[in-house]
Amino acid sequence: MRNVAIVGVGYCPVFVSKRNDVSIPEMISEAIHNAYLNCGLTPEDVDAFTFGNMHTFEGVNMPHLWSIDHLTALGKPVMRIATGGTTGMSAFHCAYYHVASGLYDVVMTITFEKHSEGDAQVGLAGIITPEIMTMLSLGIDLTGGSGMGGLGGGSAGGISFQATSYLHHSGAGIEHIDAEAALERRNAAKNPYAHLKDPECTAEKIAQTPIVSYPIRYGHICPTTDGATVCILASEEKAARIADKAAWIHAVANCTTDATTGNLIEGLITDPAEQMSCQLAAKKAYERAGIEDPRKEIDLVEIYNGFAHQTLMFLEKLGMCEVGEAHKMLERGETEIDGRLPVNASGGVVSTNSIGTSALNRVTECALQIMGKAEGGHQVPKKVRKALAHGWGGLMQYNTVTILGEAPLKR
Amino acid sequence: MDDKVAIVGVNYAQGDDLGLTRERLCFNAVRGLLDQLGIDRHAIDSFILASNDFLEGRTISNVFEDGPVGAYLKDETKVEMDGINAVVYGALRILEGNYDTALIIAHGLCGHQVSPYLQVQYSLDPTYDRQLGLLNELSGAALQAKAYLRRHGLDEGWLDRAAAWELSCGASNDKVTRKLEGVDEAKVSSSAYLYEPLRELHCYPPTDGVCAIVMASAGRARELTDRPVWIRGFGSSIDSYYFAGRDLAVSPSAGEAARRAYAMAGVDDPASRIDLAEVSGLFAYQAPLLAAAMGLAGEEEAPHRFASGEMGKDAPLSLNPSGGALSAHPVCATGAVRVAEAFRQLRGEAGAVQAGEPKLALAHGQDGLCLQQNTVVILGI
């Protein structure tokens, strides 16, 4: 095992609803170009690539094949990873293993999603379509029971069960989800690579948006975004030579549990707010990073939150506070950009969601905060020594965790 | 690479209609393998799946497979490529040091797809190539076949002989889909054209299949088996998508992938060092094309040596004694099956298709149109 650093990050210039001006390969190549510019490396320096997106969202199978000529990766090893919402971080972890294995010195992770060329909700509904078809063919009644909520509309239907359970167990109210969404929209306004920005956003403003599926309001939900993110990783020896600033990978971990659509079969399935796989992945990551008390040692957190209640829920699952504490931290302002523990200073996934990039953006945002390179006013005022990035996906069941530090881990 | 990462067990199944759900297929493969090794799922640290959402017809197709493969509350990820790349990822994870074991599960159910060629169709440039409909897996392969025939002054009769030879190897392999007893040139040349010059028996059969592989670090491998098969090297490379600009009669990326694998394995003269090669040739001309690209046979002689049976199981270098992908091609599992076939051969467990006593073997997998992306793994015992 050897130390691995993040030495370069590249975003496409904007994350917006529709990049009508560029094709998929063009949009990805913008981020690649920026990654090279930001760290002074050239394509000749990169030994291997990992690539991730969710290809059912654009309808192009294994799009690295089609776009390879625009990825500076011709003739290089390329590994495609796809795990749903966690894809970006899974591809990043794959790049980490490439370098940490000792076989590759510099590896680039490329992720993107161009939602405007497809329909994310159709893609998401496709997760359970085969199950529904089977149930229909067997004559199972889908119309009775509250199970239909899980099918109500892509992920927002199923997620309402998770949010309800979270509120029940934490004692938080819908007003806390409003406040969390507002905080992240305000943070997003300071991030040039965020999509939904509102510098004046308040909980009251969010509360005026309609309920989509109780307790989830329109204002709690992520947008569908076009965007690409690239991250360059290097071995310790190489990083010392090429990087003026680096963020060091202290641990990577991930875990799965059973797929759940919420309350599809009442009483028979896992509570989608339990997120045991998040608790286990976090435990493993702390162990690997030598972290004894994450609440004291972690300075900043980036959480995968397609829906605003997830910021609060996952803070608890990651062990960053007790159950029922997260919304109180929010009330006390501790998770603001200038707070004790800034959470989603970037605006989070709830403000920007080009799915393939979303879990990687959690890592790159932590890296930029450690390097002091976060642009546009969302650099947190406190010194960030260790940061935690979280990814979530699958059918509620995948959790990935990455812990970064300002210095290499002493092993 | 010295004795660092090993394969300790494989279990695979292929057929034109296995009649199982994906979940049951994966469960059977994994359960069978764990039983064979005398371990349970808790002996596995890391699960790496290989499948393709377009083939499966669903988004994030691994979400319902984690339970059946035993990954519940475990580390799991998915490589969305041919399964041989999951083997490479497994090796990287074990080399890193966090994990002592990895379970690879690659599968594809293609036996009853509306069209087995659709998943390649959907990988094409969506604006032009896919919409025009002229380019697809078969038309691309037909162009490549013509380029290869022209380069080597061969006719369609050679394609028949090459296919008949490879299929005759598969005829004695219990593990394949297309088991054609007494297949010969005449039978191949009487099969219908799918896309001229390619006839049905020049092309892979749509196949259901699954392949489970347990990999382990050196210490753990010796506990799990007394005959570990070691990963000696691996390599991967990719060619341009714009295949009008490529010389289709050769495969530079297959050559580059092999060179990287040889460098890691310390193989300087592959033609004499490698005893056995299992390559994923989806069409009859591809196995000799790949063998030449990888330096296993001369470019000029490869088509003749292969089609005449000179690279059979009794030869010093056996090429596809299993019958190759021409006898079974479960998309996504095919490259992993090549690894599994090499594993059986190195351990002398290949039964009727056993090719002597090989010590060093090569396995190959591909993705994309006309051998665009290639991965090679070198295995030794």
# chains A, B, ... in the order shown; residues from 1 in each chain; ligands from 1
>>> select_by_dssp(residues="stretch 52-98 of chain A", states="helix (DSSP H, G or I)", output="JSON, numbers by chain")
{"A": [55, 56, 57, 63, 64, 65, 66, 67, 68, 69, 70, 84, 85, 86, 87, 88, 89, 90, 91, 92, 93, 94, 95, 96, 97, 98]}
>>> write_last_selection(atoms="N, CA and C atoms", output="CSV table (one decimal), in the first residue's frame")
chain,number,residue,atom,x,y,z
A,55,HIS,N,-25.1,5.1,-18.1
A,55,HIS,CA,-25.3,5.3,-19.5
A,55,HIS,C,-26.8,5.2,-20.0
A,56,THR,N,-27.6,4.7,-19.1
A,56,THR,CA,-29.1,4.7,-19.5
A,56,THR,C,-29.7,6.1,-19.5
A,57,PHE,N,-29.0,7.0,-18.9
A,57,PHE,CA,-29.5,8.4,-18.8
A,57,PHE,C,-29.4,9.1,-20.2
A,63,PRO,N,-20.2,4.7,-23.2
A,63,PRO,CA,-19.9,5.9,-24.0
A,63,PRO,C,-18.4,6.2,-24.1
A,64,HIS,N,-17.6,5.5,-23.3
A,64,HIS,CA,-16.1,5.8,-23.4
A,64,HIS,C,-15.6,5.3,-24.8
A,65,LEU,N,-16.3,4.3,-25.3
A,65,LEU,CA,-15.9,3.7,-26.6
A,65,LEU,C,-16.0,4.8,-27.7
A,66,TRP,N,-17.2,5.4,-27.7
A,66,TRP,CA,-17.5,6.4,-28.7
A,66,TRP,C,-16.7,7.7,-28.5
A,67,SER,N,-16.5,8.1,-27.2
A,67,SER,CA,-15.8,9.4,-27.0
A,67,SER,C,-14.3,9.3,-26.8
A,68,ILE,N,-13.7,8.1,-27.0
A,68,ILE,CA,-12.3,7.8,-26.6
A,68,ILE,C,-11.4,8.8,-27.3
A,69,ASP,N,-11.6,9.1,-28.5
A,69,ASP,CA,-10.7,10.0,-29.3
A,69,ASP,C,-10.6,11.4,-28.7
A,70,HIS,N,-11.6,11.7,-27.8
A,70,HIS,CA,-11.6,13.1,-27.2
A,70,HIS,C,-11.2,13.1,-25.8
A,84,GLY,N,-24.4,3.4,-10.3
A,84,GLY,CA,-25.6,4.3,-10.0
A,84,GLY,C,-25.0,5.6,-9.5
A,85,GLY,N,-25.7,6.1,-8.5
A,85,GLY,CA,-25.3,7.5,-7.9
A,85,GLY,C,-23.9,7.5,-7.4
A,86,THR,N,-23.4,6.4,-7.0
A,86,THR,CA,-22.0,6.3,-6.4
A,86,THR,C,-21.0,6.3,-7.5
A,87,THR,N,-21.4,6.2,-8.8
A,87,THR,CA,-20.5,5.9,-9.9
A,87,THR,C,-19.2,6.8,-9.9
A,88,GLY,N,-19.4,8.1,-9.6
A,88,GLY,CA,-18.2,9.0,-9.7
A,88,GLY,C,-17.2,8.6,-8.6
A,89,MET,N,-17.7,8.2,-7.4
A,89,MET,CA,-16.7,7.9,-6.4
A,89,MET,C,-16.2,6.4,-6.6
A,90,SER,N,-17.0,5.6,-7.1
A,90,SER,CA,-16.6,4.2,-7.4
A,90,SER,C,-15.4,4.2,-8.5
A,91,ALA,N,-15.6,5.1,-9.5
A,91,ALA,CA,-14.6,5.2,-10.5
A,91,ALA,C,-13.3,5.8,-9.9
A,92,PHE,N,-13.5,6.8,-9.0
A,92,PHE,CA,-12.4,7.4,-8.3
A,92,PHE,C,-11.6,6.3,-7.4
A,93,HIS,N,-12.4,5.5,-6.7
A,93,HIS,CA,-11.8,4.4,-5.9
A,93,HIS,C,-11.0,3.5,-6.8
A,94,CYS,N,-11.5,3.2,-8.0
A,94,CYS,CA,-10.9,2.3,-9.0
A,94,CYS,C,-9.5,3.0,-9.4
A,95,ALA,N,-9.5,4.3,-9.6
A,95,ALA,CA,-8.3,5.0,-9.9
A,95,ALA,C,-7.3,4.9,-8.7
A,96,TYR,N,-7.8,5.1,-7.5
A,96,TYR,CA,-7.0,4.9,-6.3
A,96,TYR,C,-6.3,3.6,-6.3
A,97,TYR,N,-7.1,2.5,-6.5
A,97,TYR,CA,-6.5,1.2,-6.5
A,97,TYR,C,-5.4,1.0,-7.6
A,98,HIS,N,-5.7,1.6,-8.7
A,98,HIS,CA,-4.7,1.6,-9.8
A,98,HIS,C,-3.3,2.1,-9.3
>>> interface_residues(of="chain A", to="chain B", cutoff="7 Å", atoms="only C-alpha atoms", output="PyMOL selection string")
chain A and resi 1+56+60-63+65-66+68-69+74-77+80-84+97-98+100-101+123-124+126-127+254-259+277+394-395
>>> residues_around(residues="stretch 3-13 of chain B", least_positions_apart="3", cutoff="8 Å", atoms="only C-alpha atoms", output="count of residues only")
32
>>> residues_around(residues="B:Trp165", least_positions_apart="6", cutoff="10 Å", atoms="only C-alpha atoms", output="CSV table (one decimal) with C-alpha atoms, in the first residue's frame")
chain,number,residue,atom,x,y,z
B,159,LEU,CA,-13.3,-18.4,-43.2
B,171,ALA,CA,-17.5,-29.8,-30.0
B,183,VAL,CA,-18.8,-29.9,-37.9
B,184,ASP,CA,-16.8,-29.4,-41.1
B,185,GLU,CA,-16.2,-26.8,-43.8
B,284,ALA,CA,-14.0,-16.7,-37.3
B,306,PHE,CA,-4.9,-21.7,-37.2
B,307,ALA,CA,-7.4,-22.9,-39.9
B,308,SER,CA,-5.3,-26.1,-40.6
B,309,GLY,CA,-5.4,-27.1,-36.9
B,311,MET,CA,-2.5,-24.6,-33.2
B,312,GLY,CA,-4.6,-27.3,-31.7
B,321,PRO,CA,-8.8,-25.4,-27.4
B,323,GLY,CA,-13.7,-23.6,-28.9
>>> closest_residue(among="A:Ala359, A:Ala181, A:Asp119, A:Val22", to="A:Leu330", atoms="only C-alpha atoms")
A:Ala181
>>> residues_around(residues="A:Pro43", least_positions_apart="5", cutoff="12 Å", atoms="only C-alpha atoms", output="list in words")
Ser29, Ile32, His33, Ala35, Tyr36, Leu37, Ala48, Phe49, His70, Leu71, Thr72, Ala73, Leu74, Gly75, Lys76, Val106, Val107, Met108 and Ile232 of chain A
>>> residues_around(residues="A:Gly227", least_positions_apart="4", cutoff="8 Å", atoms="only C-alpha atoms", output="CSV table (one decimal) with C-alpha atoms, in the first residue's frame")
chain,number,residue,atom,x,y,z
A,11,TYR,CA,-14.6,20.8,-14.1
A,12,CYS,CA,-16.4,21.8,-17.4
A,14,VAL,CA,-20.6,25.5,-16.2
A,15,PHE,CA,-23.0,23.0,-14.7
A,16,VAL,CA,-26.4,23.8,-16.2
A,27,MET,CA,-18.3,18.5,-22.8
A,28,ILE,CA,-16.1,15.8,-21.3
A,112,PHE,CA,-19.9,13.0,-16.8
A,113,GLU,CA,-23.6,13.1,-17.2
A,114,LYS,CA,-25.5,15.0,-19.9
A,354,SER,CA,-25.0,15.5,-13.2
A,357,THR,CA,-20.0,13.4,-11.6
>>> residues_around(residues="B:Gly335", least_positions_apart="6", cutoff="6 Å", atoms="only C-alpha atoms", output="PDB file with C-alpha atoms, in the first residue's frame")
ATOM      1  CA  ASP B  82     -16.055  -7.511 -20.327  1.00  0.00           C
ATOM      2  CA  GLY B  83     -15.459  -9.513 -17.134  1.00  0.00           C
ATOM      3  CA  ILE B  84     -11.720  -9.914 -17.727  1.00  0.00           C
ATOM      4  CA  HIS B 364      -8.065 -12.075 -23.677  1.00  0.00           C
ATOM      5  CA  GLY B 365     -11.280 -10.091 -23.614  1.00  0.00           C
TER       6      GLY B 365
END
>>> select_by_dssp(residues="stretch 31-185 of chain B", states="strand (DSSP E)", output="ChimeraX atom specification")
/B:46-50,75-79,101-109
>>> atom_distance(atom1="atom CA of B:Lys146", atom2="atom CA of B:Cys332")
26.2 Å
>>> atom_distance(atom1="atom CA of B:Ala271", atom2="atom CA of B:Gly298")
9.0 Å
>>> closest_residue(among="A:Ala207, A:Asn53, A:Ser17, A:Met371", to="A:Ala407", atoms="only C-alpha atoms")
A:Met371
>>> decode(residues="stretch 174-257 of chain B", atoms="C-alpha atoms", output="tab-separated table (two decimals), in the first residue's frame")
chain	number	residue	atom	x	y	z
B	174	ASP	CA	-19.05	-29.70	-22.35
B	175	LYS	CA	-19.07	-26.08	-21.27
B	176	VAL	CA	-20.08	-24.42	-24.54
B	177	THR	CA	-23.36	-23.40	-26.16
B	178	ARG	CA	-22.71	-24.40	-29.75
B	179	LYS	CA	-21.65	-28.01	-29.59
B	180	LEU	CA	-21.57	-29.21	-33.20
B	181	GLU	CA	-20.48	-32.83	-33.50
B	182	GLY	CA	-18.72	-33.52	-36.79
B	183	VAL	CA	-18.77	-29.92	-37.91
B	184	ASP	CA	-16.83	-29.39	-41.13
B	185	GLU	CA	-16.15	-26.84	-43.83
B	186	ALA	CA	-19.21	-27.93	-45.84
B	187	LYS	CA	-21.52	-27.49	-42.87
B	188	VAL	CA	-20.12	-24.02	-42.18
B	189	SER	CA	-20.38	-22.94	-45.81
B	190	SER	CA	-23.98	-24.13	-45.98
B	191	SER	CA	-25.06	-21.92	-43.08
B	192	ALA	CA	-26.87	-18.74	-44.11
B	193	TYR	CA	-25.17	-15.41	-44.67
B	194	LEU	CA	-25.76	-12.99	-41.80
B	195	TYR	CA	-23.77	-10.25	-43.46
B	196	GLU	CA	-21.64	-11.15	-46.43
B	197	PRO	CA	-18.99	-12.59	-46.19
B	198	LEU	CA	-19.99	-13.70	-42.68
B	199	ARG	CA	-22.21	-16.76	-42.37
B	200	GLU	CA	-24.04	-17.79	-39.23
B	201	LEU	CA	-21.33	-20.28	-38.24
B	202	HIS	CA	-18.63	-17.65	-38.75
B	203	CYS	CA	-20.28	-15.61	-35.98
B	204	TYR	CA	-20.66	-16.09	-32.23
B	205	PRO	CA	-23.84	-17.72	-30.96
B	206	PRO	CA	-26.12	-15.67	-28.67
B	207	THR	CA	-25.40	-17.17	-25.26
B	208	ASP	CA	-26.53	-17.10	-21.65
B	209	GLY	CA	-23.61	-17.33	-19.30
B	210	VAL	CA	-22.04	-16.59	-15.94
B	211	CYS	CA	-18.52	-16.88	-14.62
B	212	ALA	CA	-17.48	-16.64	-10.96
B	213	ILE	CA	-13.81	-16.41	-9.99
B	214	VAL	CA	-12.24	-16.23	-6.53
B	215	MET	CA	-8.94	-14.37	-6.35
B	216	ALA	CA	-6.66	-14.17	-3.34
B	217	SER	CA	-3.41	-12.73	-2.04
B	218	ALA	CA	-0.44	-15.11	-1.93
B	219	GLY	CA	-0.85	-16.13	1.70
B	220	ARG	CA	-4.60	-16.59	1.50
B	221	ALA	CA	-4.38	-18.40	-1.84
B	222	ARG	CA	-2.20	-21.14	-0.38
B	223	GLU	CA	-4.74	-21.66	2.40
B	224	LEU	CA	-7.59	-21.96	-0.07
B	225	THR	CA	-5.99	-24.33	-2.58
B	226	ASP	CA	-2.82	-26.32	-3.04
B	227	ARG	CA	-2.70	-25.35	-6.70
B	228	PRO	CA	-3.18	-21.60	-7.05
B	229	VAL	CA	-2.95	-20.15	-10.55
B	230	TRP	CA	-0.93	-16.95	-10.41
B	231	ILE	CA	-1.68	-13.70	-12.19
B	232	ARG	CA	1.63	-12.92	-13.88
B	233	GLY	CA	0.68	-9.78	-15.74
B	234	PHE	CA	-2.08	-7.83	-17.40
B	235	GLY	CA	-2.50	-5.02	-19.86
B	236	SER	CA	-5.18	-3.09	-21.66
B	237	SER	CA	-5.45	-0.66	-24.54
B	238	ILE	CA	-8.01	1.02	-26.77
B	239	ASP	CA	-8.16	2.11	-30.41
B	240	SER	CA	-10.00	4.98	-32.04
B	241	TYR	CA	-13.78	4.83	-32.36
B	242	TYR	CA	-13.64	6.25	-35.87
B	243	PHE	CA	-12.95	2.95	-37.52
B	244	ALA	CA	-12.91	4.33	-41.04
B	245	GLY	CA	-9.51	5.72	-40.01
B	246	ARG	CA	-8.31	2.40	-38.62
B	247	ASP	CA	-6.55	-0.40	-40.47
B	248	LEU	CA	-9.13	-3.08	-39.73
B	249	ALA	CA	-6.89	-5.98	-40.76
B	250	VAL	CA	-4.82	-5.51	-37.59
B	251	SER	CA	-5.49	-4.65	-33.95
B	252	PRO	CA	-2.90	-2.25	-32.52
B	253	SER	CA	-4.66	-2.12	-29.14
B	254	ALA	CA	-4.60	-5.92	-28.77
B	255	GLY	CA	-0.87	-5.78	-29.47
B	256	GLU	CA	-0.33	-2.97	-26.97
B	257	ALA	CA	-2.42	-4.74	-24.30
